[in-house]
Structures are given as C-alpha cells and as structure tokens.
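Peer 1: Have a look at this one before I ask anything.
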Number of protein chains: 2
Amino acid sequence: MSGRLFVVGLGPGGADARTPEAEAAVAASTDILGYHPYVARLSLLPHQTAHASDNREEIARASAALDLAASGRTVAMVSGGDPGVFAMAAAVCEAIEHGPETWRAVELTVVPGVTAMLAVAARAGAPLGADFCAISLSDNLKPWELVEKRLRLAAEAGFAMAFYNPISRARPWQLGRAFEVLRECLPGTAPVIFGRAAGRPDERMRVAALDEARAEDADMATCVIVGSAETRRVERAGLSPLVYSPRSVGGKR
Amino acid sequence: MSGRLFVVGLGPGGADARTPEAEAAVAASTDILGYHPYVARLSLLPHQTAHASDNREEIARASAALDLAASGRTVAMVSGGDPGVFAMAAAVCEAIEHGPETWRAVELTVVPGVTAMLAVAARAGAPLGADFCAISLSDNLKPWELVEKRLRLAAEAGFAMAFYNPISRARPWQLGRAFEVLRECLPGTAPVIFGRAAGRPDERMRVAALDEARAEDADMATCVIVGSAETRRVERAGLSPLVYSPRSVGGKR
C-alpha cells in the first residue's frame, strides 16, 4: 500500500508567514522529516514522529521519506521558505527518478511557500520588481566557473539577482569573488541588500552600494540581492531607504 | 497625520495559500485597493471600503493609496501572488520616489506572498530547483528587443525561466515568438509547463516539449515555465509526469 509524501515550504520565518495549506500538510502527516532547525519550528502532536537530520545528505533524506511513504505512512518533508527553490523538492524528484518503481507510485504533493528572496525583497521595497534571476553561490553541486559565467550573463541581461547559499564556513570566498566579478559589469552604485533571517526575531537588513559591499556582512542565513543598473535607492527621513527596480526600461511607459 | 500602507500578496489561489500575515494586514486596513479580481477574493467588513480598479493604471492606483495613507487612513493594496514580482510594490515605490514629500513619511509594509511561478513549479515537481530567472514577456514597459536579448542570455546561462504576462489580447504574438527564439538555443525536448490559475478551481496544468509548445495553450492567467537543457521529465504510471531541474551540474555531486 502506497502512502503519501508532502514536500512542504514553511515560509521564511514564524508561523505568520506560513500558509494554511502548509500547516494542514504537516498536521495530516505521521512522520516529519527535515533539517533540524526547520523541524524545530513545528509543534508536533504525540502521534507524530520527527526525523530531524543534518544539512547535507539531501538524497539520503529524500530516500528515507520515500521509503516511509511507500510503506503506507503519510510523510511531510519540510523546508524553510519554498521547497522548490534550492531545497528539498528537486532532491525528492531526483531520488524518484533513480529509485525503485514503488517510489513513482507515491502520491507526491509539493506545497509552495514564500521563498527567502521574496521576504527580503519585501523588507527592502521592490528590488525584484522587474526581470530577475536566482543563483545559488554554492559550488558544491556545480563548478565555480559556471557560477561566474552566470553572474556575467545575468549582469549583461540586466537582471536583478538573488543569491542563495552565499557563504558558509566551508565556502568563505565565493561571495566576495562574486562581488568582484559584478564590479566589472555593473555600476558601483548598484544597491546590494543583505537580508538575514527575514521575518525572524534575529532579522537584520542592510543596504550597501556594490562598491562597498563586503562578504562579511552575510552568513549562512542571509539572502543577498544585487540590483541591476536600473535599480533605484530612495532615501526617506527617519526610515530605511527603499530599494526598487522600476517596471519600465528603455524609456517605455 | 500620516497613516500606513500595506502592499499585500494574497498568494496564488484561495485562502489556504494566503499567509496569516497577509490576512492580518487586510483585517487591519480601513481601505482596500487593487485590481478587482483580487479585491473580490476578500470578505470585507462593514467598516472597510473597497476601491477596486482596472488592470492598468498602476501608478494612479499607487498614488491613490499613498494619498489615503498620507491622510491618516490604514490602507491595503492587494496583489495576487507576491506584490514584489511584476506587481504593485514597484509601482508604489516609483510613486513615492516621484511624489510629494508626505508620501515618503507613510509607514510602508510590503507583505510577501507565494508568487505564481512557485505555485506552478510545485504542481509540476521542481523545475525551478536550480538557478533560474523570471521574465515578464510584456513589451508594454520595455522594448521587445530587450526581451529577446534576455531570453538568449538566460538560455546561454542555463537558467530555467518563468514567464509572467505571457500573452493577452493586446499582446498575442510575443509568447510564440519567445518559443521560436528559445528553439534556436535550447534542445527541442526541454520541458515547457503551462500552469494556469494554480490553486484555483479552474486550475489547468500541461507539460509539453519545447518543440511542440504552442502559445495558444496560455492565457493571461497562465505562468509558463521553460526548463533548461538539464531539466528532466520523469514519467509515472497513472500520474502526471514530474519535471525537475537537478541540483548538480557538470558532474559535480
């Protein structure tokens, strides 16, 4: 008997940024899997089993979830933000593609959530209000040369850019190098937003010009947004500046 | 006395995809502005005034909201999905930049939501699971040549792509032309997802290969996602195919 697997986005912060659909999926599940800080955000009931795990080993975690679901359990795999953006949904699909036939029969439901870049953009104004891209700066799963190529092409395209996984203890230099690459292709005044833990009590937002942006202002919990050449910074007395990307380009109205 | 302006994302569909934070912002407001189908999704109370408007005229709508807020009212400007992605947050910021000084003093809160591409991606699997971009195909606010340039650069970068505003009565040929451009730079087997009204009763999802993708399968309510050359399609007996973009590229694991 095949069960069910929900891959659930818990949103960027507390329960007020989580959809009722995500709450319902967790409530309906017998087994909850995920990276331990995400599992820790939930209040589970006595009949629910938590399987918290470390940050790496996504495929092992996805396989464990699919095994449980294939055995008839109702399983929730939880991610912060949205599970489809640099999170568990792709790992689950990859496990299904390469796994046993029984995994393909599992009823799979991906429940979307507010991903980090949207929460950070909202705090800053509307830096993603025109065409944009999202890039993981981790070179664990792709060559660093490809990251640099994508940064240059994104700048040439005029995209604002959101960086996920900007920095970690094991990847200390990548964000600084990304700023160096972008300084060659964007104006030094382009706004850079460091949005840490958006929506959580330890939230910290900072806006710098690209010329002055320092990698040390980011950590693992930070989403970095780099504006395009068109992105504007609007000062407000006594309030934080607004950063937005105008809807129109090239004089069109 | 200056009031307050919430720019609120209602999410992609019904109330179960809307965050408590968005509900609270609407509940706290005296005046609700927005494109009429979004305002119609809400159950307003007797003391709340709805100001529904037509699709165009974003700057006029933003100005009306800022005028009301500057006069002391608590105002919610509602968007479907996320207000920061091709929606009202950028129009409000633009109005503030070019408007009277009193508008800069308005307490502005952007409340993020689940944007359409995340809802559509969730239904399909994880097509946005690796680096991706979001492009509006409307040439109302930018020259069409710039759209084509961005499509070619995005394909060269290896981004999956989400298209907002793919087609309308006034813009009937742009999506078909976008597919033509992409057929020159991507494999014909690249999956294309047509996600219409995700999360609503009239939802319709369709997956085609780029070679067979037809613009007629989209309408104004559709978000189109085009996979990269790496994006996979996994068949499942009796279930819709899964479409996902692998987390690793270039043989890295």
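Just so we're on the same page: first chain in the structure tokens is A, next is B, and so on; residues restart at 1 for each chain, and ligands are numbered from 1 in the order they show up.
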Can you list every residue of region 73-175 of chain B that has an atom at most 12 Å from region 198-220 of chain A, with its nearest atom pair and the distance in Å to one decimal, using only C-alpha atoms, ordered by chain then number, as CSV?
Peer 2:
```
residue,atom,partner,partner_atom,distance
B:Val110,CA,A:Gly199,CA,11.9
B:Val111,CA,A:Gly199,CA,10.4
B:Pro112,CA,A:Gly199,CA,10.4
```
Peer 1: Those same residues - all heavy atoms - I'd like them written as a PDB file, in the first residue's frame.
Peer 2:
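The result, written out as part.pdb:
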```pdb
ATOM      1  N   VAL B 110       5.567  45.962   3.001  1.00  0.00           N
ATOM      2  CA  VAL B 110       5.268  45.022   1.919  1.00  0.00           C
ATOM      3  C   VAL B 110       5.155  43.628   2.535  1.00  0.00           C
ATOM      4  O   VAL B 110       6.070  43.176   3.232  1.00  0.00           O
ATOM      5  CB  VAL B 110       6.366  45.062   0.832  1.00  0.00           C
ATOM      6  CG1 VAL B 110       6.039  44.073  -0.288  1.00  0.00           C
ATOM      7  CG2 VAL B 110       6.531  46.473   0.272  1.00  0.00           C
ATOM      8  N   VAL B 111       4.032  42.973   2.326  1.00  0.00           N
ATOM      9  CA  VAL B 111       3.790  41.632   2.874  1.00  0.00           C
ATOM     10  C   VAL B 111       3.922  40.621   1.732  1.00  0.00           C
ATOM     11  O   VAL B 111       3.104  40.611   0.815  1.00  0.00           O
ATOM     12  CB  VAL B 111       2.387  41.546   3.509  1.00  0.00           C
ATOM     13  CG1 VAL B 111       2.152  40.146   4.066  1.00  0.00           C
ATOM     14  CG2 VAL B 111       2.218  42.591   4.586  1.00  0.00           C
ATOM     15  N   PRO B 112       4.960  39.780   1.798  1.00  0.00           N
ATOM     16  CA  PRO B 112       5.192  38.883   0.660  1.00  0.00           C
ATOM     17  C   PRO B 112       4.154  37.782   0.571  1.00  0.00           C
ATOM     18  O   PRO B 112       3.432  37.501   1.536  1.00  0.00           O
ATOM     19  CB  PRO B 112       6.579  38.297   0.957  1.00  0.00           C
ATOM     20  CG  PRO B 112       6.722  38.369   2.442  1.00  0.00           C
ATOM     21  CD  PRO B 112       5.955  39.599   2.864  1.00  0.00           C
TER      22      PRO B 112
END
```
Peer 1: So that I can see what lies close to Ser2 (chain A), please list as a ChimeraX atom specification the residues with an atom at most 12 Å from it, counting only C-alpha atoms and leaving out residues fewer than 4 positions away in the same chain.
Peer 2: /A:66-75,101-108
Peer 1: Find the residues around Arg171 (chain B) up to 12 Å (only C-alpha atoms counted), leave out those fewer than 3 positions away in its own chain, and share them as a ChimeraX atom specification.
Peer 2: /B:137-140,144,165-168,174-177,215,219-220
Peer 1: Fit chain A to chain B, all Cα atoms paired in order, least squares. Then write it as a tab-separated table (two decimals) with C-alpha atoms, in the first residue's frame.
Peer 2:
```tsv
chain	number	residue	atom	x	y	z
A	1	MET	CA	-0.99	62.76	10.50
A	2	SER	CA	0.49	60.04	8.34
A	3	GLY	CA	-1.16	56.64	8.16
A	4	ARG	CA	0.00	53.31	6.96
A	5	LEU	CA	0.18	51.41	3.67
A	6	PHE	CA	0.39	47.64	3.39
A	7	VAL	CA	1.21	46.22	-0.04
A	8	VAL	CA	-0.07	42.70	0.32
A	9	GLY	CA	0.48	39.45	-1.58
A	10	LEU	CA	-2.66	37.30	-1.48
A	11	GLY	CA	-0.91	34.23	-2.86
A	12	PRO	CA	-1.80	32.27	-5.97
A	13	GLY	CA	-5.24	30.93	-5.21
A	14	GLY	CA	-7.66	30.62	-2.36
A	15	ALA	CA	-7.35	31.47	1.29
A	16	ASP	CA	-5.36	28.30	2.06
A	17	ALA	CA	-2.40	29.73	0.11
A	18	ARG	CA	-2.53	33.08	1.91
A	19	THR	CA	-0.33	33.76	4.95
A	20	PRO	CA	-1.74	34.86	8.33
A	21	GLU	CA	0.42	37.98	7.95
A	22	ALA	CA	-1.43	38.89	4.73
A	23	GLU	CA	-4.82	38.23	6.36
A	24	ALA	CA	-3.87	40.42	9.32
A	25	ALA	CA	-2.77	43.30	7.10
A	26	VAL	CA	-6.09	43.27	5.23
A	27	ALA	CA	-8.04	42.97	8.50
A	28	ALA	CA	-6.19	45.98	9.97
A	29	SER	CA	-6.98	48.22	6.99
A	30	THR	CA	-9.78	50.70	6.52
A	31	ASP	CA	-9.35	50.91	2.74
A	32	ILE	CA	-8.59	48.08	0.33
A	33	LEU	CA	-7.31	48.90	-3.16
A	34	GLY	CA	-6.45	46.58	-6.02
A	35	TYR	CA	-7.30	45.07	-9.37
A	36	HIS	CA	-10.91	43.94	-9.00
A	37	PRO	CA	-10.49	40.12	-9.18
A	38	TYR	CA	-8.02	40.31	-6.28
A	39	VAL	CA	-10.28	42.55	-4.19
A	40	ALA	CA	-13.13	40.14	-4.96
A	41	ARG	CA	-11.25	37.30	-3.25
A	42	LEU	CA	-11.66	39.03	0.13
A	43	SER	CA	-14.53	39.09	2.60
A	44	LEU	CA	-14.54	42.68	3.82
A	45	LEU	CA	-16.20	44.02	6.94
A	46	PRO	CA	-18.79	46.84	6.99
A	47	HIS	CA	-16.26	49.46	8.13
A	48	GLN	CA	-13.87	48.61	5.26
A	49	THR	CA	-14.05	50.41	1.92
A	50	ALA	CA	-13.12	48.57	-1.27
A	51	HIS	CA	-11.59	50.59	-4.13
A	52	ALA	CA	-11.40	48.05	-6.96
A	53	SER	CA	-9.82	49.19	-10.19
A	54	ASP	CA	-8.89	48.08	-13.68
A	55	ASN	CA	-5.70	46.21	-14.57
A	56	ARG	CA	-3.75	49.15	-16.00
A	57	GLU	CA	-3.03	52.47	-14.31
A	58	GLU	CA	-0.76	51.05	-11.64
A	59	ILE	CA	0.80	54.43	-10.86
A	60	ALA	CA	-2.61	56.10	-10.50
A	61	ARG	CA	-3.68	53.29	-8.15
A	62	ALA	CA	-0.44	53.57	-6.14
A	63	SER	CA	-0.90	57.35	-5.88
A	64	ALA	CA	-4.47	56.97	-4.66
A	65	ALA	CA	-3.28	54.51	-1.99
A	66	LEU	CA	-0.49	56.85	-0.88
A	67	ASP	CA	-2.87	59.82	-0.73
A	68	LEU	CA	-5.25	57.86	1.51
A	69	ALA	CA	-2.40	56.65	3.74
A	70	ALA	CA	-0.86	60.13	3.98
A	71	SER	CA	-4.25	61.42	5.14
A	72	GLY	CA	-4.17	59.04	8.09
A	73	ARG	CA	-6.03	55.99	6.79
A	74	THR	CA	-4.71	52.43	7.05
A	75	VAL	CA	-4.61	51.13	3.52
A	76	ALA	CA	-4.06	47.69	1.97
A	77	MET	CA	-3.07	47.49	-1.69
A	78	VAL	CA	-3.60	43.86	-2.67
A	79	SER	CA	-1.92	41.83	-5.43
A	80	GLY	CA	-2.33	38.19	-6.38
A	81	GLY	CA	0.78	36.12	-5.68
A	82	ASP	CA	3.63	38.26	-4.39
A	83	PRO	CA	3.40	42.06	-4.66
A	84	GLY	CA	7.14	42.35	-5.38
A	85	VAL	CA	7.16	40.21	-8.55
A	86	PHE	CA	5.73	42.11	-11.54
A	87	ALA	CA	3.08	43.63	-9.29
A	88	MET	CA	2.22	46.66	-7.20
A	89	ALA	CA	5.21	47.04	-4.84
A	90	ALA	CA	7.45	48.53	-7.55
A	91	ALA	CA	4.68	50.90	-8.68
A	92	VAL	CA	4.24	52.12	-5.09
A	93	CYS	CA	7.99	52.69	-4.70
A	94	GLU	CA	8.10	54.53	-8.02
A	95	ALA	CA	5.18	56.76	-6.97
A	96	ILE	CA	6.96	57.52	-3.68
A	97	GLU	CA	10.19	58.45	-5.46
A	98	HIS	CA	8.46	60.92	-7.77
A	99	GLY	CA	5.63	62.04	-5.46
A	100	PRO	CA	5.24	64.65	-2.70
A	101	GLU	CA	7.42	64.55	0.41
A	102	THR	CA	4.44	63.47	2.57
A	103	TRP	CA	4.38	60.10	0.78
A	104	ARG	CA	7.91	59.29	1.97
A	105	ALA	CA	6.69	59.57	5.57
A	106	VAL	CA	3.99	56.92	5.11
A	107	GLU	CA	4.77	53.76	7.04
A	108	LEU	CA	5.10	51.23	4.21
A	109	THR	CA	4.98	47.47	4.80
A	110	VAL	CA	5.27	45.02	1.92
A	111	VAL	CA	3.79	41.64	2.88
A	112	PRO	CA	5.20	38.89	0.65
A	113	GLY	CA	3.17	36.03	-0.79
A	114	VAL	CA	3.63	32.84	-2.80
A	115	THR	CA	4.23	34.07	-6.35
A	116	ALA	CA	2.70	32.25	-9.32
A	117	MET	CA	5.89	30.57	-10.56
A	118	LEU	CA	6.37	28.86	-7.18
A	119	ALA	CA	2.81	27.52	-7.21
A	120	VAL	CA	3.16	26.27	-10.79
A	121	ALA	CA	6.58	24.76	-10.10
A	122	ALA	CA	5.17	22.95	-7.05
A	123	ARG	CA	2.42	21.35	-9.16
A	124	ALA	CA	4.97	20.12	-11.71
A	125	GLY	CA	7.72	18.88	-9.37
A	126	ALA	CA	10.76	21.16	-9.07
A	127	PRO	CA	11.52	22.85	-12.41
A	128	LEU	CA	12.99	25.85	-10.53
A	129	GLY	CA	15.18	23.63	-8.33
A	130	ALA	CA	18.42	25.01	-9.80
A	131	ASP	CA	19.38	28.53	-10.96
A	132	PHE	CA	16.52	30.27	-12.76
A	133	CYS	CA	15.14	33.61	-13.89
A	134	ALA	CA	11.76	35.33	-14.08
A	135	ILE	CA	10.92	37.44	-17.14
A	136	SER	CA	7.81	39.44	-17.97
A	137	LEU	CA	6.99	38.92	-21.64
A	138	SER	CA	5.01	42.14	-21.76
A	139	ASP	CA	6.52	44.76	-24.04
A	140	ASN	CA	4.29	47.47	-22.63
A	141	LEU	CA	7.09	48.66	-20.33
A	142	LYS	CA	10.24	47.56	-22.18
A	143	PRO	CA	11.25	47.14	-25.82
A	144	TRP	CA	10.63	43.67	-27.27
A	145	GLU	CA	14.27	43.53	-28.47
A	146	LEU	CA	15.30	43.58	-24.79
A	147	VAL	CA	13.02	40.63	-24.05
A	148	GLU	CA	14.62	38.62	-26.86
A	149	LYS	CA	18.11	39.56	-25.67
A	150	ARG	CA	17.24	38.38	-22.16
A	151	LEU	CA	15.81	35.09	-23.45
A	152	ARG	CA	19.02	34.34	-25.37
A	153	LEU	CA	21.26	35.26	-22.43
A	154	ALA	CA	19.13	33.24	-20.00
A	155	ALA	CA	19.37	30.20	-22.28
A	156	GLU	CA	23.14	30.66	-22.59
A	157	ALA	CA	23.38	30.88	-18.79
A	158	GLY	CA	21.47	27.61	-18.41
A	159	PHE	CA	18.66	29.17	-16.37
A	160	ALA	CA	15.21	27.65	-16.21
A	161	MET	CA	12.82	30.51	-16.98
A	162	ALA	CA	9.44	31.56	-15.63
A	163	PHE	CA	7.39	33.84	-17.88
A	164	TYR	CA	4.89	36.26	-16.37
A	165	ASN	CA	2.37	38.15	-18.55
A	166	PRO	CA	2.94	35.65	-21.37
A	167	ILE	CA	0.01	36.63	-23.58
A	168	SER	CA	-3.05	38.86	-23.74
A	169	ARG	CA	-5.50	40.09	-26.35
A	170	ALA	CA	-3.31	43.16	-26.87
A	171	ARG	CA	-0.08	41.07	-26.98
A	172	PRO	CA	-0.99	37.96	-28.98
A	173	TRP	CA	2.34	37.05	-30.68
A	174	GLN	CA	5.01	37.57	-28.01
A	175	LEU	CA	4.88	34.11	-26.40
A	176	GLY	CA	5.03	32.31	-29.75
A	177	ARG	CA	7.99	34.44	-30.75
A	178	ALA	CA	9.68	33.67	-27.40
A	179	PHE	CA	9.33	29.92	-28.12
A	180	GLU	CA	10.86	30.49	-31.59
A	181	VAL	CA	13.85	32.29	-30.06
A	182	LEU	CA	14.35	29.55	-27.47
A	183	ARG	CA	14.14	26.76	-30.07
A	184	GLU	CA	17.31	28.27	-31.55
A	185	CYS	CA	19.19	27.96	-28.24
A	186	LEU	CA	17.68	25.03	-26.30
A	187	PRO	CA	17.05	21.35	-27.08
A	188	GLY	CA	13.58	20.74	-28.52
A	189	THR	CA	12.97	18.27	-25.69
A	190	ALA	CA	13.25	20.95	-22.97
A	191	PRO	CA	10.02	20.73	-20.93
A	192	VAL	CA	7.58	23.64	-21.03
A	193	ILE	CA	4.97	23.89	-18.28
A	194	PHE	CA	1.76	25.84	-18.79
A	195	GLY	CA	0.37	26.49	-15.34
A	196	ARG	CA	-2.98	28.22	-15.37
A	197	ALA	CA	-4.71	29.54	-12.23
A	198	ALA	CA	-2.62	27.35	-9.91
A	199	GLY	CA	-4.48	26.66	-6.68
A	200	ARG	CA	-7.84	27.84	-8.00
A	201	PRO	CA	-10.83	25.69	-8.98
A	202	ASP	CA	-10.17	26.33	-12.69
A	203	GLU	CA	-6.51	25.26	-12.43
A	204	ARG	CA	-5.07	23.63	-15.56
A	205	MET	CA	-1.55	22.22	-15.86
A	206	ARG	CA	0.04	21.00	-19.08
A	207	VAL	CA	3.58	19.86	-19.89
A	208	ALA	CA	4.88	19.93	-23.47
A	209	ALA	CA	8.26	19.66	-25.14
A	210	LEU	CA	9.61	22.99	-26.39
A	211	ASP	CA	9.37	21.76	-29.99
A	212	GLU	CA	5.62	21.25	-29.57
A	213	ALA	CA	4.83	24.14	-27.23
A	214	ARG	CA	2.08	26.36	-28.61
A	215	ALA	CA	1.29	29.85	-27.41
A	216	GLU	CA	-2.44	29.04	-27.64
A	217	ASP	CA	-2.05	26.88	-24.53
A	218	ALA	CA	-1.50	30.02	-22.43
A	219	ASP	CA	-3.78	32.86	-21.46
A	220	MET	CA	-3.48	35.89	-19.18
A	221	ALA	CA	-3.84	33.73	-16.06
A	222	THR	CA	-1.01	31.37	-17.09
A	223	CYS	CA	2.55	31.28	-15.81
A	224	VAL	CA	4.82	29.49	-18.28
A	225	ILE	CA	7.98	27.75	-17.10
A	226	VAL	CA	10.60	26.65	-19.64
A	227	GLY	CA	13.17	24.18	-18.37
A	228	SER	CA	16.89	24.42	-19.07
A	229	ALA	CA	18.84	21.87	-21.11
A	230	GLU	CA	19.37	19.99	-17.82
A	231	THR	CA	15.70	19.85	-16.77
A	232	ARG	CA	14.31	16.30	-16.57
A	233	ARG	CA	10.90	14.82	-17.22
A	234	VAL	CA	10.08	11.68	-15.20
A	235	GLU	CA	7.11	9.58	-16.33
A	236	ARG	CA	4.87	7.95	-13.70
A	237	ALA	CA	2.19	5.36	-14.49
A	238	GLY	CA	-1.27	6.83	-13.90
A	239	LEU	CA	0.17	10.12	-12.57
A	240	SER	CA	1.26	13.32	-14.28
A	241	PRO	CA	4.96	13.46	-15.20
A	242	LEU	CA	7.38	15.06	-12.77
A	243	VAL	CA	9.50	17.90	-14.13
A	244	TYR	CA	12.58	18.91	-12.17
A	245	SER	CA	15.91	20.70	-12.57
A	246	PRO	CA	18.70	18.66	-10.97
A	247	ARG	CA	20.62	20.35	-8.18
A	248	SER	CA	23.98	19.36	-9.63
A	249	VAL	CA	25.52	20.40	-12.94
A	250	GLY	CA	28.72	19.41	-14.67
A	251	GLY	CA	29.11	16.06	-12.96
A	252	LYS	CA	29.54	17.59	-9.48
A	253	ARG	CA	27.94	15.70	-6.58
```
Peer 1: Pick out each residue of region 54-189 of chain A that DSSP on the backbone tags as strand (DSSP E); I need them as a list in words.
Peer 2: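 Put together, the selection reads Thr74, Val75, Ala76, Met77, Val78, Ser79, Glu107, Leu108, Thr109, Val110, Val111, Gly125, Ala126, Phe132, Cys133, Ala134, Ile135, Ser136, Ala160, Met161, Ala162, Phe163 and Tyr164 of chain A.
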Peer 1: Can those selected residues be exported to a file as a PDB file, in the first residue's frame so that it contains N, CA, C and O atoms?
Peer 2:
```pdb
ATOM      1  N   THR A  74       2.060   8.632   6.007  1.00  0.00           N
ATOM      2  CA  THR A  74       1.866   9.966   5.440  1.00  0.00           C
ATOM      3  C   THR A  74       2.996  10.845   5.967  1.00  0.00           C
ATOM      4  O   THR A  74       3.125  11.033   7.174  1.00  0.00           O
ATOM      5  N   VAL A  75       3.805  11.328   5.050  1.00  0.00           N
ATOM      6  CA  VAL A  75       5.088  11.918   5.410  1.00  0.00           C
ATOM      7  C   VAL A  75       5.139  13.383   4.969  1.00  0.00           C
ATOM      8  O   VAL A  75       4.717  13.716   3.860  1.00  0.00           O
ATOM      9  N   ALA A  76       5.665  14.239   5.838  1.00  0.00           N
ATOM     10  CA  ALA A  76       5.945  15.631   5.446  1.00  0.00           C
ATOM     11  C   ALA A  76       7.452  15.858   5.496  1.00  0.00           C
ATOM     12  O   ALA A  76       8.084  15.621   6.528  1.00  0.00           O
ATOM     13  N   MET A  77       8.011  16.275   4.377  1.00  0.00           N
ATOM     14  CA  MET A  77       9.408  16.701   4.316  1.00  0.00           C
ATOM     15  C   MET A  77       9.381  18.222   4.319  1.00  0.00           C
ATOM     16  O   MET A  77       8.837  18.830   3.396  1.00  0.00           O
ATOM     17  N   VAL A  78       9.914  18.845   5.372  1.00  0.00           N
ATOM     18  CA  VAL A  78       9.765  20.301   5.480  1.00  0.00           C
ATOM     19  C   VAL A  78      11.053  21.038   5.099  1.00  0.00           C
ATOM     20  O   VAL A  78      12.160  20.572   5.363  1.00  0.00           O
ATOM     21  N   SER A  79      10.863  22.171   4.423  1.00  0.00           N
ATOM     22  CA  SER A  79      11.960  23.083   4.076  1.00  0.00           C
ATOM     23  C   SER A  79      11.588  24.464   4.612  1.00  0.00           C
ATOM     24  O   SER A  79      10.405  24.795   4.699  1.00  0.00           O
ATOM     25  N   GLU A 107       1.987   9.130  -3.797  1.00  0.00           N
ATOM     26  CA  GLU A 107       1.274  10.380  -4.101  1.00  0.00           C
ATOM     27  C   GLU A 107       2.114  11.541  -3.555  1.00  0.00           C
ATOM     28  O   GLU A 107       2.285  11.680  -2.345  1.00  0.00           O
ATOM     29  N   LEU A 108       2.645  12.350  -4.462  1.00  0.00           N
ATOM     30  CA  LEU A 108       3.572  13.419  -4.093  1.00  0.00           C
ATOM     31  C   LEU A 108       2.876  14.773  -4.221  1.00  0.00           C
ATOM     32  O   LEU A 108       2.306  15.083  -5.267  1.00  0.00           O
ATOM     33  N   THR A 109       2.914  15.564  -3.173  1.00  0.00           N
ATOM     34  CA  THR A 109       2.337  16.917  -3.224  1.00  0.00           C
ATOM     35  C   THR A 109       3.385  17.910  -2.741  1.00  0.00           C
ATOM     36  O   THR A 109       3.850  17.813  -1.599  1.00  0.00           O
ATOM     37  N   VAL A 110       3.777  18.823  -3.591  1.00  0.00           N
ATOM     38  CA  VAL A 110       4.691  19.882  -3.187  1.00  0.00           C
ATOM     39  C   VAL A 110       3.852  21.088  -2.775  1.00  0.00           C
ATOM     40  O   VAL A 110       3.012  21.558  -3.543  1.00  0.00           O
ATOM     41  N   VAL A 111       4.045  21.553  -1.559  1.00  0.00           N
ATOM     42  CA  VAL A 111       3.282  22.698  -1.039  1.00  0.00           C
ATOM     43  C   VAL A 111       4.198  23.915  -1.036  1.00  0.00           C
ATOM     44  O   VAL A 111       5.172  23.957  -0.278  1.00  0.00           O
ATOM     45  N   GLY A 125      11.690  46.937  -0.233  1.00  0.00           N
ATOM     46  CA  GLY A 125      10.884  47.716  -1.184  1.00  0.00           C
ATOM     47  C   GLY A 125      10.431  46.785  -2.293  1.00  0.00           C
ATOM     48  O   GLY A 125       9.554  45.961  -2.081  1.00  0.00           O
ATOM     49  N   ALA A 126      11.074  46.890  -3.468  1.00  0.00           N
ATOM     50  CA  ALA A 126      10.725  46.001  -4.583  1.00  0.00           C
ATOM     51  C   ALA A 126      11.929  45.809  -5.503  1.00  0.00           C
ATOM     52  O   ALA A 126      11.840  46.042  -6.707  1.00  0.00           O
ATOM     53  N   PHE A 132      14.408  39.275 -13.129  1.00  0.00           N
ATOM     54  CA  PHE A 132      15.457  38.940 -12.164  1.00  0.00           C
ATOM     55  C   PHE A 132      15.826  37.466 -12.260  1.00  0.00           C
ATOM     56  O   PHE A 132      15.149  36.691 -12.934  1.00  0.00           O
ATOM     57  N   CYS A 133      16.900  37.093 -11.571  1.00  0.00           N
ATOM     58  CA  CYS A 133      17.283  35.682 -11.515  1.00  0.00           C
ATOM     59  C   CYS A 133      17.662  35.309 -10.088  1.00  0.00           C
ATOM     60  O   CYS A 133      17.891  36.172  -9.244  1.00  0.00           O
ATOM     61  N   ALA A 134      17.680  34.010  -9.845  1.00  0.00           N
ATOM     62  CA  ALA A 134      18.076  33.458  -8.542  1.00  0.00           C
ATOM     63  C   ALA A 134      19.210  32.477  -8.789  1.00  0.00           C
ATOM     64  O   ALA A 134      19.089  31.582  -9.628  1.00  0.00           O
ATOM     65  N   ILE A 135      20.322  32.669  -8.080  1.00  0.00           N
ATOM     66  CA  ILE A 135      21.524  31.863  -8.287  1.00  0.00           C
ATOM     67  C   ILE A 135      22.006  31.341  -6.937  1.00  0.00           C
ATOM     68  O   ILE A 135      22.127  32.116  -5.983  1.00  0.00           O
ATOM     69  N   SER A 136      22.292  30.056  -6.856  1.00  0.00           N
ATOM     70  CA  SER A 136      22.965  29.534  -5.668  1.00  0.00           C
ATOM     71  C   SER A 136      24.466  29.740  -5.853  1.00  0.00           C
ATOM     72  O   SER A 136      25.036  29.356  -6.872  1.00  0.00           O
ATOM     73  N   ALA A 160      18.130  41.895 -11.982  1.00  0.00           N
ATOM     74  CA  ALA A 160      18.489  41.892 -10.566  1.00  0.00           C
ATOM     75  C   ALA A 160      18.765  40.435 -10.199  1.00  0.00           C
ATOM     76  O   ALA A 160      18.313  39.521 -10.886  1.00  0.00           O
ATOM     77  N   MET A 161      19.548  40.222  -9.144  1.00  0.00           N
ATOM     78  CA  MET A 161      19.963  38.853  -8.815  1.00  0.00           C
ATOM     79  C   MET A 161      19.755  38.592  -7.329  1.00  0.00           C
ATOM     80  O   MET A 161      20.101  39.417  -6.500  1.00  0.00           O
ATOM     81  N   ALA A 162      19.206  37.424  -7.031  1.00  0.00           N
ATOM     82  CA  ALA A 162      19.127  36.980  -5.633  1.00  0.00           C
ATOM     83  C   ALA A 162      20.099  35.828  -5.458  1.00  0.00           C
ATOM     84  O   ALA A 162      20.087  34.882  -6.249  1.00  0.00           O
ATOM     85  N   PHE A 163      20.951  35.918  -4.450  1.00  0.00           N
ATOM     86  CA  PHE A 163      21.918  34.848  -4.173  1.00  0.00           C
ATOM     87  C   PHE A 163      21.470  34.029  -2.979  1.00  0.00           C
ATOM     88  O   PHE A 163      21.301  34.552  -1.874  1.00  0.00           O
ATOM     89  N   TYR A 164      21.321  32.720  -3.194  1.00  0.00           N
ATOM     90  CA  TYR A 164      21.093  31.775  -2.114  1.00  0.00           C
ATOM     91  C   TYR A 164      22.434  31.118  -1.779  1.00  0.00           C
ATOM     92  O   TYR A 164      23.333  31.077  -2.611  1.00  0.00           O
TER      93      TYR A 164
END
```
Peer 1: Please report, as a VMD selection string, each residue of region 35-239 of chain A to which DSSP assigns alpha helix (DSSP H) when run on this structure's backbone.
Peer 2: chain A and resid 36 to 39 58 to 70 88 to 98 101 to 104 116 to 124 144 to 157 174 to 183
